[in-house]
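**Student:** File follows, protein05.txt with compact mmCIF, C-alpha atoms:
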```txt
# COMPACT_ATOMS: atom_id res chain seq x y z
CA MET A 1 -1.82 25.12 5.44
CA SER A 2 -2.30 21.39 5.23
CA LEU A 3 -5.33 19.87 6.89
CA PHE A 4 -3.30 16.83 7.78
CA ARG A 5 -0.18 16.33 9.70
CA ARG A 6 2.50 14.52 7.74
CA GLU A 7 2.08 11.18 9.48
CA ASP A 8 -1.65 11.32 8.77
CA LEU A 9 -0.88 11.72 5.10
CA HIS A 10 1.54 8.79 5.21
CA SER A 11 -1.19 6.57 6.57
CA LEU A 12 -3.25 7.22 3.44
CA ALA A 13 -0.86 5.22 1.26
CA ALA A 14 -2.82 1.97 1.57
CA PRO A 15 -6.28 3.51 1.03
CA TYR A 16 -4.79 5.37 -1.92
CA ALA A 17 -3.38 2.18 -3.45
CA LEU A 18 -6.82 0.62 -3.11
CA ASP A 19 -8.51 3.66 -4.71
CA ALA A 20 -10.33 4.16 -1.41
CA LEU A 21 -9.90 7.91 -0.99
CA GLU A 22 -12.49 10.56 -1.70
CA PRO A 23 -11.58 12.90 -4.57
CA ALA A 24 -10.40 15.80 -2.41
CA GLU A 25 -8.31 13.53 -0.22
CA ARG A 26 -6.92 11.79 -3.27
CA ALA A 27 -5.80 15.10 -4.75
CA ARG A 28 -4.23 16.18 -1.47
CA PHE A 29 -2.37 12.89 -1.15
CA GLU A 30 -1.12 13.08 -4.73
CA ARG A 31 0.28 16.54 -4.03
CA HIS A 32 2.03 15.14 -0.98
CA LEU A 33 3.40 12.20 -3.01
CA LYS A 34 5.39 14.52 -5.21
CA ASP A 35 7.50 15.65 -2.27
CA CYS A 36 7.71 12.39 -0.39
CA ASP A 37 9.98 9.79 -1.93
CA SER A 38 9.40 7.22 0.77
CA CYS A 39 5.60 7.51 0.36
CA ALA A 40 5.97 7.12 -3.40
CA ALA A 41 7.96 3.93 -2.95
CA GLU A 42 5.41 2.61 -0.50
CA VAL A 43 2.50 3.47 -2.76
CA ARG A 44 4.18 1.72 -5.66
CA ALA A 45 4.68 -1.45 -3.63
CA LEU A 46 1.15 -1.39 -2.24
CA SER A 47 -0.25 -0.74 -5.70
CA GLU A 48 1.55 -3.80 -7.03
CA ASP A 49 -0.17 -5.79 -4.29
CA ALA A 50 -3.52 -4.35 -5.29
CA VAL A 51 -2.88 -5.35 -8.90
CA ARG A 52 -2.56 -8.94 -7.71
CA LEU A 53 -6.12 -8.64 -6.52
CA ALA A 54 -7.05 -7.41 -9.97
CA TRP A 55 -5.49 -10.38 -11.72
CA SER A 56 -7.45 -12.85 -9.73
CA ALA A 57 -10.69 -11.37 -11.06
CA ALA A 58 -9.88 -11.96 -14.76
CA ALA A 59 -12.85 -13.21 -16.75
CA PRO A 60 -13.56 -13.92 -20.42
CA PRO A 61 -14.78 -10.67 -21.97
CA PRO A 62 -17.87 -10.57 -24.21
CA MET A 63 -17.01 -11.31 -27.83
CA ALA A 64 -19.03 -8.36 -29.10
CA MET A 65 -16.86 -5.99 -27.08
CA ARG A 66 -13.81 -7.04 -29.06
CA ASP A 67 -15.42 -6.18 -32.38
CA ARG A 68 -16.64 -2.85 -31.08
CA VAL A 69 -13.31 -1.83 -29.57
CA LEU A 70 -11.26 -2.91 -32.57
CA ALA A 71 -13.64 -1.11 -34.91
CA ALA A 72 -13.43 2.01 -32.77
CA VAL A 73 -9.64 2.19 -32.79
CA ARG A 74 -9.71 2.41 -36.56
CA THR A 75 -11.47 5.73 -36.26
CA ILE A 76 -10.38 7.20 -32.92
CA PRO A 77 -7.30 9.41 -33.10
CA GLN A 78 -4.51 8.96 -30.56
CA GLU A 79 -3.00 11.55 -28.29
CA PRO A 80 0.31 12.56 -29.85
CA ALA A 81 3.41 11.12 -28.25
CA VAL A 82 4.97 13.85 -26.14
CA ARG A 83 8.43 12.44 -26.46
CA PRO A 84 10.47 13.41 -29.51
CA GLU A 85 12.39 10.12 -29.90
CA PRO A 86 10.35 7.00 -30.65
CA ALA A 87 11.57 4.46 -28.10
CA ARG A 88 13.92 5.36 -25.23
CA ALA A 89 13.16 8.92 -24.35
CA ARG A 90 13.22 11.34 -21.49
CA PRO A 91 10.19 11.25 -19.25
CA GLU A 92 7.71 13.92 -20.17
CA PRO A 93 7.15 16.71 -17.66
CA VAL A 94 5.09 15.71 -14.68
CA ARG A 95 2.42 18.35 -15.15
CA ALA A 96 1.63 17.33 -18.69
CA ARG A 97 0.27 13.99 -17.62
CA LYS A 98 -0.95 14.21 -14.14
CA SER A 99 -4.59 14.59 -15.05
CA GLN A 100 -5.65 11.01 -15.64
CA LEU A 101 -3.76 8.51 -13.58
CA PRO A 102 -2.12 8.47 -10.19
CA PRO A 103 1.48 9.73 -10.15
CA HIS A 104 3.03 6.42 -9.25
CA VAL A 105 1.65 5.13 -12.54
CA TRP A 106 2.21 8.13 -14.73
CA GLY A 107 5.63 8.83 -13.44
CA ALA A 108 5.57 11.83 -11.17
CA GLN A 109 7.75 9.70 -8.93
CA PRO A 110 11.28 8.36 -9.31
CA PRO A 111 11.51 5.23 -11.46
CA PRO A 112 11.26 1.88 -9.69
CA ARG A 113 14.13 -0.53 -9.57
CA GLN A 114 14.73 -2.46 -12.78
CA ARG A 115 11.95 -4.97 -13.17
CA GLN A 116 12.42 -8.54 -14.20
CA ARG A 117 10.96 -9.39 -17.56
CA ARG A 118 8.15 -11.86 -17.29
CA PRO A 119 6.66 -14.34 -19.71
CA LEU A 120 3.17 -13.53 -20.96
CA PHE A 121 0.37 -13.90 -18.50
CA VAL A 122 2.56 -14.56 -15.53
CA PRO A 123 1.56 -12.29 -12.69
CA PHE A 124 4.17 -13.77 -10.44
CA ALA A 125 7.49 -12.02 -10.39
CA THR A 126 9.51 -15.11 -9.65
CA ALA A 127 9.45 -18.82 -10.06
CA THR A 128 9.45 -19.01 -6.28
CA ALA A 129 6.10 -17.28 -6.15
CA ALA A 130 4.67 -19.73 -8.65
CA ALA A 131 6.10 -22.57 -6.60
CA ALA A 132 4.49 -21.22 -3.47
CA LEU A 133 1.23 -21.60 -5.33
CA VAL A 134 1.90 -25.21 -6.15
CA VAL A 135 2.89 -25.97 -2.60
CA ALA A 136 -0.18 -24.20 -1.24
CA SER A 137 -2.43 -26.29 -3.44
CA LEU A 138 -0.83 -29.34 -1.90
CA PHE A 139 -1.48 -28.15 1.63
CA ALA A 140 -5.03 -27.13 0.93
CA VAL A 141 -6.44 -30.64 0.73
CA GLN A 142 -4.18 -32.28 3.25
CA ALA A 143 -6.88 -32.92 5.80
CA ASN A 144 -8.55 -35.57 3.64
CA ARG A 145 -5.45 -37.49 2.71
CA THR A 146 -4.17 -40.85 3.91
CA GLN A 147 -0.61 -41.37 5.13
CA ASP A 148 0.43 -42.85 1.79
CA GLU A 149 -0.93 -39.87 -0.04
CA LEU A 150 0.81 -37.57 2.39
CA ASP A 151 4.09 -39.38 1.79
CA ALA A 152 3.63 -39.11 -1.95
CA GLN A 153 2.84 -35.46 -1.47
CA LYS A 154 5.97 -34.91 0.56
CA ALA A 155 8.05 -36.57 -2.13
CA GLN A 156 6.38 -34.34 -4.67
CA ALA A 157 7.05 -31.23 -2.60
CA SER A 158 10.73 -32.10 -2.45
CA GLU A 159 10.68 -32.72 -6.19
CA ILE A 160 9.25 -29.24 -6.65
CA ALA A 161 11.90 -27.79 -4.37
CA HIS A 162 14.49 -29.59 -6.47
CA VAL A 163 13.23 -28.01 -9.68
CA LEU A 164 13.26 -24.61 -8.04
CA GLN A 165 16.81 -24.89 -6.82
CA ALA A 166 18.05 -25.08 -10.38
CA ALA A 167 19.71 -21.82 -11.38
CA ASP A 168 17.60 -21.60 -14.53
CA ALA A 169 14.21 -22.37 -12.92
CA ALA A 170 11.51 -20.32 -14.61
CA ALA A 171 7.73 -20.18 -14.58
CA THR A 172 5.13 -19.63 -17.27
CA ARG A 173 1.48 -20.27 -17.74
CA GLY A 174 -1.17 -20.34 -20.43
CA GLN A 175 -4.88 -19.73 -20.43
CA ASP A 176 -7.57 -21.05 -22.70
CA ALA A 177 -10.65 -19.19 -23.91
CA GLN A 178 -12.61 -20.32 -20.86
CA GLY A 179 -10.04 -18.88 -18.48
CA ARG A 180 -8.68 -22.27 -17.42
CA THR A 181 -4.95 -22.32 -16.92
CA ILE A 182 -1.90 -24.52 -17.18
CA GLY A 183 1.07 -23.46 -15.10
CA VAL A 184 4.65 -24.70 -15.44
CA ILE A 185 7.77 -24.30 -13.37
CA ALA A 186 10.67 -25.76 -15.32
CA SER A 187 14.40 -26.11 -15.38
CA ALA A 188 15.85 -26.77 -18.83
CA SER A 189 19.25 -27.73 -17.41
CA GLU A 190 17.64 -30.33 -15.11
CA GLY A 191 15.11 -31.40 -17.70
CA ARG A 192 12.40 -31.23 -15.05
CA ALA A 193 9.10 -29.45 -14.78
CA VAL A 194 6.19 -29.15 -12.37
CA VAL A 195 2.87 -28.76 -14.15
CA THR A 196 -0.41 -27.62 -12.61
CA LEU A 197 -3.88 -27.41 -14.11
CA SER A 198 -6.40 -25.02 -12.69
CA GLY A 199 -10.06 -24.35 -13.33
CA TYR A 200 -10.72 -27.73 -14.93
CA SER A 201 -13.59 -29.84 -13.65
CA ALA A 202 -12.98 -33.56 -13.10
CA PRO A 203 -12.66 -35.50 -16.38
CA PRO A 204 -15.64 -37.68 -17.34
CA SER A 205 -15.83 -41.07 -15.64
CA GLY A 206 -13.39 -43.56 -17.18
CA ARG A 207 -11.23 -40.75 -18.56
CA VAL A 208 -8.05 -39.14 -17.39
CA ARG A 209 -5.96 -36.11 -18.37
CA GLN A 210 -2.59 -37.00 -19.85
CA LEU A 211 0.40 -34.70 -20.26
CA TRP A 212 2.50 -34.82 -23.42
CA LEU A 213 5.86 -33.45 -24.39
CA MET A 214 5.85 -32.05 -27.91
CA ARG A 215 9.09 -31.98 -29.91
CA PRO A 216 9.77 -31.05 -33.52
CA ASN A 217 9.60 -33.99 -35.95
CA GLU A 218 8.90 -36.48 -33.18
CA GLN A 219 5.89 -38.24 -31.75
CA PRO A 220 4.46 -36.75 -28.57
CA ARG A 221 5.94 -38.41 -25.48
CA SER A 222 3.76 -39.11 -22.45
CA LEU A 223 4.87 -37.33 -19.27
CA GLY A 224 2.24 -38.92 -17.08
CA LEU A 225 -1.35 -38.68 -15.92
CA PHE A 226 -2.90 -36.00 -13.78
CA ALA A 227 -4.34 -37.30 -10.52
CA ALA A 228 -7.21 -35.06 -9.40
CA ASP A 229 -5.91 -31.55 -8.69
CA THR A 230 -2.33 -32.38 -7.76
CA PRO A 231 0.59 -31.03 -9.78
CA LEU A 232 2.43 -33.40 -12.07
CA VAL A 233 6.19 -33.65 -11.85
CA ALA A 234 7.77 -34.41 -15.23
CA THR A 235 11.38 -35.48 -15.63
CA GLY A 236 13.69 -36.24 -18.55
CA LEU A 237 12.56 -33.29 -20.65
CA ASP A 238 14.95 -32.72 -23.52
CA LYS A 239 15.95 -29.21 -24.51
CA SER A 240 14.43 -29.56 -27.96
CA ALA A 241 10.94 -29.72 -26.40
CA THR A 242 8.74 -26.99 -27.82
CA SER A 243 5.54 -27.33 -25.84
CA LEU A 244 3.42 -29.27 -23.40
CA ALA A 245 -0.03 -30.51 -24.29
CA VAL A 246 -2.86 -32.04 -22.27
CA THR A 247 -5.39 -34.46 -23.76
CA VAL A 248 -8.28 -36.43 -22.29
CA GLU A 249 -7.59 -40.16 -22.64
CA PRO A 250 -9.20 -43.44 -21.48
CA ASP A 251 -8.29 -44.50 -17.92
CA GLY A 252 -4.67 -45.62 -17.66
CA GLY A 253 -3.62 -43.27 -20.45
CA SER A 254 -2.71 -43.89 -24.10
CA PRO A 255 0.62 -44.59 -25.81
CA GLN A 256 -0.15 -41.67 -28.18
CA PRO A 257 -2.75 -38.91 -27.91
CA THR A 258 -6.14 -39.97 -29.25
CA THR A 259 -7.90 -36.62 -28.87
CA GLN A 260 -7.24 -32.96 -29.57
CA PRO A 261 -5.31 -31.19 -26.80
CA VAL A 262 -7.52 -29.32 -24.34
CA VAL A 263 -4.64 -26.97 -23.69
CA GLN A 264 -1.12 -26.48 -25.00
CA LEU A 265 1.69 -24.37 -23.62
CA ALA A 266 4.89 -23.25 -25.37
CA LEU A 267 8.10 -23.83 -23.40
CA LYS A 268 10.27 -21.25 -25.12
CA SER A 269 10.00 -18.71 -22.31
CA VAL A 270 11.28 -21.22 -19.78
CA GLY A 271 14.43 -22.08 -21.73
CA PHE A 272 13.40 -24.95 -24.00
CA GLY A 273 13.06 -25.26 -27.75
CA GLU A 274 16.74 -25.04 -28.66
CA MET B 1 5.27 -10.32 -27.62
CA GLU B 2 4.88 -8.89 -24.16
CA ALA B 3 2.36 -6.28 -23.17
CA ASP B 4 5.07 -3.68 -22.57
CA GLU B 5 6.45 -3.96 -26.09
CA LEU B 6 2.99 -4.08 -27.61
CA LEU B 7 1.99 -0.92 -25.80
CA MET B 8 5.02 0.87 -27.22
CA LEU B 9 3.94 -0.17 -30.72
CA VAL B 10 0.38 0.89 -29.99
CA ALA B 11 1.70 4.30 -29.01
CA GLY B 12 2.98 4.56 -32.57
CA GLY B 13 -0.47 3.85 -33.96
CA ASP B 14 0.01 0.14 -34.67
CA GLN B 15 -3.51 -1.33 -34.84
CA LYS B 16 -2.26 -4.89 -35.23
CA ALA B 17 -0.31 -4.50 -32.00
CA PHE B 18 -3.42 -3.14 -30.31
CA GLU B 19 -5.34 -6.20 -31.42
CA GLU B 20 -2.72 -8.42 -29.83
CA LEU B 21 -2.64 -6.29 -26.70
CA TYR B 22 -6.41 -6.54 -26.50
CA GLY B 23 -6.05 -10.32 -26.37
CA LEU B 24 -3.78 -10.00 -23.36
CA VAL B 25 -5.58 -7.39 -21.30
CA ALA B 26 -9.28 -7.60 -22.18
CA GLY B 27 -9.92 -10.54 -19.84
CA PRO B 28 -8.19 -9.07 -16.80
CA VAL B 29 -9.73 -5.63 -17.46
CA PHE B 30 -13.26 -6.91 -17.97
CA GLY B 31 -13.04 -9.30 -15.02
CA LEU B 32 -11.80 -6.62 -12.66
CA VAL B 33 -14.34 -4.06 -13.81
CA ARG B 34 -17.19 -6.52 -13.49
CA ARG B 35 -16.02 -7.54 -10.05
CA VAL B 36 -16.33 -3.93 -8.92
CA VAL B 37 -19.23 -2.66 -11.04
CA ARG B 38 -21.24 -5.92 -11.00
CA ASP B 39 -23.81 -4.94 -13.57
CA PRO B 40 -22.77 -6.77 -16.80
CA ALA B 41 -23.90 -4.08 -19.23
CA GLN B 42 -22.22 -1.28 -17.27
CA SER B 43 -19.11 -3.40 -16.83
CA GLU B 44 -18.84 -3.82 -20.56
CA GLU B 45 -19.26 -0.10 -21.07
CA VAL B 46 -16.55 0.80 -18.54
CA SER B 47 -14.20 -1.87 -19.92
CA GLN B 48 -14.65 -0.45 -23.39
CA GLU B 49 -13.83 3.02 -22.14
CA VAL B 50 -10.69 1.71 -20.48
CA LEU B 51 -9.55 -0.18 -23.57
CA LEU B 52 -10.13 2.82 -25.79
CA GLU B 53 -8.31 5.06 -23.34
CA LEU B 54 -5.47 2.58 -23.63
CA TRP B 55 -5.43 3.16 -27.38
CA ARG B 56 -5.68 6.93 -27.11
CA SER B 57 -3.18 7.40 -24.32
CA ALA B 58 -0.66 4.64 -25.06
CA ALA B 59 2.05 7.25 -25.56
CA ARG B 60 1.85 8.13 -21.88
CA PHE B 61 3.02 4.71 -20.83
CA ASP B 62 6.55 4.69 -19.46
CA PRO B 63 7.97 1.18 -19.01
CA ARG B 64 10.41 2.38 -16.38
CA ARG B 65 7.54 3.12 -14.02
CA GLY B 66 6.16 -0.39 -13.94
CA SER B 67 4.70 -3.03 -16.22
CA ALA B 68 2.09 -2.34 -18.86
CA LEU B 69 -0.29 -4.74 -17.18
CA SER B 70 -0.10 -2.92 -13.85
CA TRP B 71 -0.67 0.31 -15.69
CA VAL B 72 -3.74 -0.98 -17.49
CA LEU B 73 -5.24 -2.61 -14.41
CA THR B 74 -4.67 0.46 -12.27
CA LEU B 75 -6.50 2.50 -14.88
CA ALA B 76 -9.31 -0.05 -15.08
CA HIS B 77 -9.74 -0.13 -11.32
CA ARG B 78 -9.85 3.65 -11.06
CA ARG B 79 -12.54 3.85 -13.75
CA ALA B 80 -14.56 1.02 -12.23
CA VAL B 81 -14.49 2.63 -8.80
CA ASP B 82 -15.49 6.00 -10.25
CA ARG B 83 -18.45 4.37 -11.94
CA VAL B 84 -19.63 2.40 -8.95
CA ARG B 85 -19.41 5.44 -6.69
CA SER B 86 -21.45 7.65 -8.94
CA ALA B 87 -24.00 4.87 -9.37
CA ARG B 88 -24.07 4.35 -5.63
CA ALA B 89 -24.50 8.04 -5.04
CA ALA B 90 -27.51 7.90 -7.30
CA GLY B 91 -28.93 5.08 -5.23
CA GLU B 92 -28.96 2.71 -8.16
CA ARG B 93 -26.63 0.26 -6.65
CA GLU B 94 -28.76 -0.59 -3.66
CA GLN B 95 -31.63 -1.31 -5.97
CA ARG B 96 -29.48 -3.47 -8.19
CA GLU B 97 -28.14 -5.37 -5.26
CA ALA B 98 -31.63 -5.98 -4.00
CA ARG B 99 -32.53 -7.38 -7.40
CA ARG B 100 -29.40 -9.47 -7.54
CA ALA B 101 -30.20 -11.07 -4.22
CA HIS B 102 -32.97 -12.92 -6.04
CA HIS B 103 -30.64 -14.14 -8.76
CA PRO B 104 -27.61 -15.64 -7.07
CA ALA B 105 -26.88 -18.00 -9.97
CA PHE B 106 -24.92 -15.47 -12.00
CA ASP B 107 -21.97 -15.12 -9.66
CA GLN B 108 -21.81 -18.78 -8.84
CA VAL B 109 -21.54 -19.81 -12.46
CA THR B 110 -18.84 -17.31 -13.31
CA GLU B 111 -16.91 -18.21 -10.16
CA GLU B 112 -16.74 -21.75 -11.42
CA VAL B 113 -15.70 -20.95 -14.96
CA GLU B 114 -13.03 -18.49 -14.00
CA ALA B 115 -11.36 -20.41 -11.22
CA GLY B 116 -7.87 -19.76 -12.54
CA LEU B 117 -4.47 -20.03 -11.01
CA GLU B 118 -4.38 -16.50 -9.58
CA ARG B 119 -7.93 -16.57 -8.34
CA GLU B 120 -7.22 -19.71 -6.36
CA TRP B 121 -4.01 -18.41 -4.96
CA VAL B 122 -5.26 -14.96 -4.08
CA ARG B 123 -8.32 -16.52 -2.46
CA ARG B 124 -6.07 -18.67 -0.30
CA CYS B 125 -3.95 -15.72 0.68
CA LEU B 126 -7.01 -13.62 1.47
CA GLU B 127 -8.17 -16.41 3.76
CA ARG B 128 -4.97 -16.08 5.73
CA LEU B 129 -5.60 -12.45 6.57
CA THR B 130 -7.47 -11.57 9.72
CA GLU B 131 -11.17 -10.99 9.22
CA LEU B 132 -10.79 -7.23 9.57
CA GLN B 133 -7.79 -7.04 7.26
CA ARG B 134 -9.63 -9.02 4.62
CA GLN B 135 -12.82 -7.03 4.87
CA SER B 136 -10.99 -3.71 4.84
CA VAL B 137 -9.09 -4.67 1.69
CA THR B 138 -11.94 -6.30 -0.21
CA LEU B 139 -14.65 -3.78 0.64
CA ALA B 140 -12.36 -1.11 -0.76
CA TYR B 141 -10.85 -2.90 -3.73
CA TYR B 142 -13.62 -5.17 -4.93
CA ASP B 143 -16.63 -3.17 -3.78
CA GLY B 144 -15.28 0.31 -4.36
CA TYR B 145 -15.96 1.74 -0.91
CA THR B 146 -13.81 4.57 0.42
CA TYR B 147 -11.93 3.88 3.63
CA ARG B 148 -14.39 6.16 5.45
CA GLU B 149 -17.28 4.05 4.21
CA VAL B 150 -15.40 0.89 5.13
CA ALA B 151 -14.86 2.25 8.65
CA GLN B 152 -18.54 2.99 8.93
CA ARG B 153 -19.60 -0.43 7.67
CA LEU B 154 -17.22 -2.23 10.02
CA SER B 155 -17.83 0.17 12.92
CA LEU B 156 -14.11 0.84 13.27
CA PRO B 157 -12.13 4.04 13.84
CA LEU B 158 -10.63 5.50 10.64
CA GLY B 159 -7.08 4.93 11.84
CA THR B 160 -7.77 1.25 12.43
CA VAL B 161 -9.14 0.78 8.92
CA LYS B 162 -6.11 2.45 7.35
CA THR B 163 -3.81 0.18 9.34
CA ARG B 164 -5.82 -2.93 8.48
CA MET B 165 -5.67 -2.06 4.79
CA ARG B 166 -1.93 -1.59 4.93
CA ASP B 167 -1.29 -4.73 6.97
CA GLY B 168 -3.69 -6.68 4.77
CA LEU B 169 -1.90 -5.69 1.57
CA THR B 170 1.51 -6.32 3.09
CA ARG B 171 0.50 -9.73 4.32
CA LEU B 172 -1.02 -10.52 0.97
CA ARG B 173 2.31 -9.66 -0.62
CA GLU B 174 4.17 -11.97 1.72
CA CYS B 175 1.72 -14.77 1.06
CA LEU B 176 1.87 -14.28 -2.71
CA GLY B 177 5.64 -14.35 -2.49
CA GLY B 178 5.85 -11.21 -4.57
CA ALA B 179 8.96 -9.19 -5.06
CA ALA B 180 7.64 -5.69 -5.39
```
Spit out the file's structure as structure tokens when you get a sec.

**Tutor:**
Amino acid sequence: MSLFRREDLHSLAAPYALDALEPAERARFERHLKDCDSCAAEVRALSEDAVRLAWSAAAPPPMAMRDRVLAAVRTIPQEPAVRPEPARARPEPVRARKSQLPPHVWGAQPPPRQRQRRPLFVPFATATAAAALVVASLFAVQANRTQDELDAQKAQASEIAHVLQAADAAATRGQDAQGRTIGVIASASEGRAVVTLSGYSAPPSGRVRQLWLMRPNEQPRSLGLFAADTPLVATGLDKSATSLAVTVEPDGGSPQPTTQPVVQLALKSVGFGE
Amino acid sequence: MEADELLMLVAGGDQKAFEELYGLVAGPVFGLVRRVVRDPAQSEEVSQEVLLELWRSAARFDPRRGSALSWVLTLAHRRAVDRVRSARAAGEREQREARRAHHPAFDQVTEEVEAGLEREWVRRCLERLTELQRQSVTLAYYDGYTYREVAQRLSLPLGTVKTRMRDGLTRLRECLGGAA
């Protein structure tokens, strides 16, 4: 006989998703999950939320770890694939794999709805989510802004909204070795993009960060200068564009880049480069 | 190539694919583990275990159940929490924390270096939760406490903590604009 009434078990979905159950409770809840489709769906959703918390903790790993791990995989044997066919196969039986990971991960539960494919390193499911980020970064510093700045900000917010309304709006981001990121929401059909930098300290005095559009067989074209931490709205992007690059330039910017890019981001995943 | 595809190749024993996959997941895995485990040496050890488990068990990954990255991070979190609980049970953690109190520089520096897009955004969304929602979620997820321990620390009934965790996660989802 169960120690818990059913509704008590339901209420464990959130602690379970956060790995906040004691082992015995965890086991009991996992048994319950097998027979409760609605709990499984809830656990999956809550677990996705928890993974967002995980992403925000990303940090550059120690270099030595890479060497050790890659050396180890050359000698460590793998568990054999249970499935007979190589790629698209039937799910293996539940019992065979329940030992190591929670069922919503290993597949004791019904499959989730078809997931959208995402570009590399984009934890956001949709361009809208990425845009919410941009908008939030605008709101965050509002208190210190003058009316002119607020007006400019408002114009920028509507520019962002405009980019997002495009049917082909897509988001991507890149990260450098120090964990600093460049994020882009772009519409190839509109030739517009909103670009954010994150994790960068202010450029040295007398210097500014400049955004460049890179195209095959052509000189880089300036897309503008970054002002403090506000996103940059770039327009007139042609479809042949392959990537964006950021360089540090003297105040006022340069006609052509004079330094190596601090970060570069390919635009293929957001519909450019044709 | 995306993590999902790479993981499928890794399942077939492709070491090159594993190397590429490592590049994608090592940072998130190590960062998460360190956030929970705190001790740098132990964090590295747990991360290594997770990454090797990824190699060994890649064949278990089923893309229809969710993304490879969610899979990896769920595994990493589970391992990190297991480690921190056994360390805590052994009383080591309290001692470490006492020592750490005298060296606050470590966390501050890394905070600065790692201030990425997600970190910023999640931080903002966490700030929008109520105090109890935020504490219930972060004490469990980032500090590895069970919900019973969280209830004890916050002097709240168990039922309240469970509700705060659920509401906190749901509100976080709304704020992050996620489509789960």

**Student:** Give me the residues near B:Leu156 as an mmCIF file with C-alpha atoms, keeping the file's coordinate frame, where near means some atom within 12 Å (using all atoms listed in the file) and where sequence neighbours in that chain fewer than 5 positions away do not count.

**Tutor:**
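Produced file out.cif, reproduced below:
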```cif
data_model
loop_
_atom_site.group_PDB
_atom_site.id
_atom_site.type_symbol
_atom_site.label_atom_id
_atom_site.label_comp_id
_atom_site.auth_asym_id
_atom_site.auth_seq_id
_atom_site.Cartn_x
_atom_site.Cartn_y
_atom_site.Cartn_z
ATOM 1 C CA LEU B 132 -10.790 -7.230 9.570
ATOM 2 C CA GLN B 133 -7.790 -7.040 7.260
ATOM 3 C CA GLN B 135 -12.820 -7.030 4.870
ATOM 4 C CA SER B 136 -10.990 -3.710 4.840
ATOM 5 C CA TYR B 147 -11.930 3.880 3.630
ATOM 6 C CA ARG B 148 -14.390 6.160 5.450
ATOM 7 C CA GLU B 149 -17.280 4.050 4.210
ATOM 8 C CA VAL B 150 -15.400 0.890 5.130
ATOM 9 C CA ALA B 151 -14.860 2.250 8.650
ATOM 10 C CA VAL B 161 -9.140 0.780 8.920
ATOM 11 C CA LYS B 162 -6.110 2.450 7.350
ATOM 12 C CA THR B 163 -3.810 0.180 9.340
ATOM 13 C CA ARG B 164 -5.820 -2.930 8.480
#
```

**Student:** Any chance you could tabulate, as a tab-separated table, the residues of chain A at most 6 Å from chain B with each one's nearest atom pair and distance in Å to one decimal, using all atoms listed in the file, in chain and rising number order?

**Tutor:**
```
residue	atom	partner	partner_atom	distance
A:Ala14	CA	B:Arg166	CA	5.0
A:Leu18	CA	B:Tyr141	CA	5.4
A:Ala20	CA	B:Thr146	CA	4.0
A:Leu21	CA	B:Thr146	CA	5.3
A:Ala45	CA	B:Ala180	CA	5.5
A:Asp49	CA	B:Arg173	CA	5.9
A:Ala54	CA	B:Leu32	CA	5.5
A:Trp55	CA	B:Pro28	CA	5.9
A:Ser56	CA	B:Arg119	CA	4.0
A:Ala57	CA	B:Gly31	CA	5.0
A:Ala58	CA	B:Pro28	CA	3.9
A:Ala59	CA	B:Gly31	CA	4.3
A:Pro60	CA	B:Gly27	CA	5.0
A:Pro61	CA	B:Gly27	CA	5.3
A:Gln78	CA	B:Arg56	CA	4.2
A:Glu79	CA	B:Arg56	CA	5.5
A:Ala81	CA	B:Ala59	CA	4.9
A:Pro111	CA	B:Arg65	CA	5.2
A:Pro112	CA	B:Arg65	CA	5.8
A:Leu120	CA	B:Glu2	CA	5.9
A:Ala129	CA	B:Gly177	CA	4.7
A:Gly179	CA	B:Glu114	CA	5.4
A:Arg180	CA	B:Gly116	CA	5.5
A:Thr181	CA	B:Gly116	CA	5.9
A:Ser198	CA	B:Gly116	CA	5.5
A:Gly199	CA	B:Ala115	CA	4.7
```

**Student:** Would you work out the distance separating atom CA of A:Asp35 from atom CA of A:Ala13, expressed in Å to one decimal?

**Tutor:** 13.8 Å

**Student:** Mind giving me the straight-line distance from atom CA of A:Thr242 to atom CA of A:Val208 in Å, one decimal?

**Tutor:** 23.2 Å

**Student:** Skip A:Glu25 itself and residues of its chain fewer than 5 positions away, then list as a VMD selection string all residues within 12 Å of it, counting all atoms listed in the file.

**Tutor:** (chain A and resid 2 to 4 8 to 9 12 to 13 15 to 16 19 to 20 30 to 32) or (chain B and resid 146 to 148)

**Student:** Would you list the residues near (0.2, -39.0, -22.0), meaning any protein, DNA or RNA residue with an atom at most 12 Å from that point in file coordinates, counting only C-alpha atoms, as a ChimeraX atom specification?

**Tutor:** /A:208-214,219-226,232,234,244-259,261

**Student:** How far is it from atom CA of A:Ala50 to atom CA of A:Ala27, in Å with one decimal?

**Tutor:** 19.6 Å
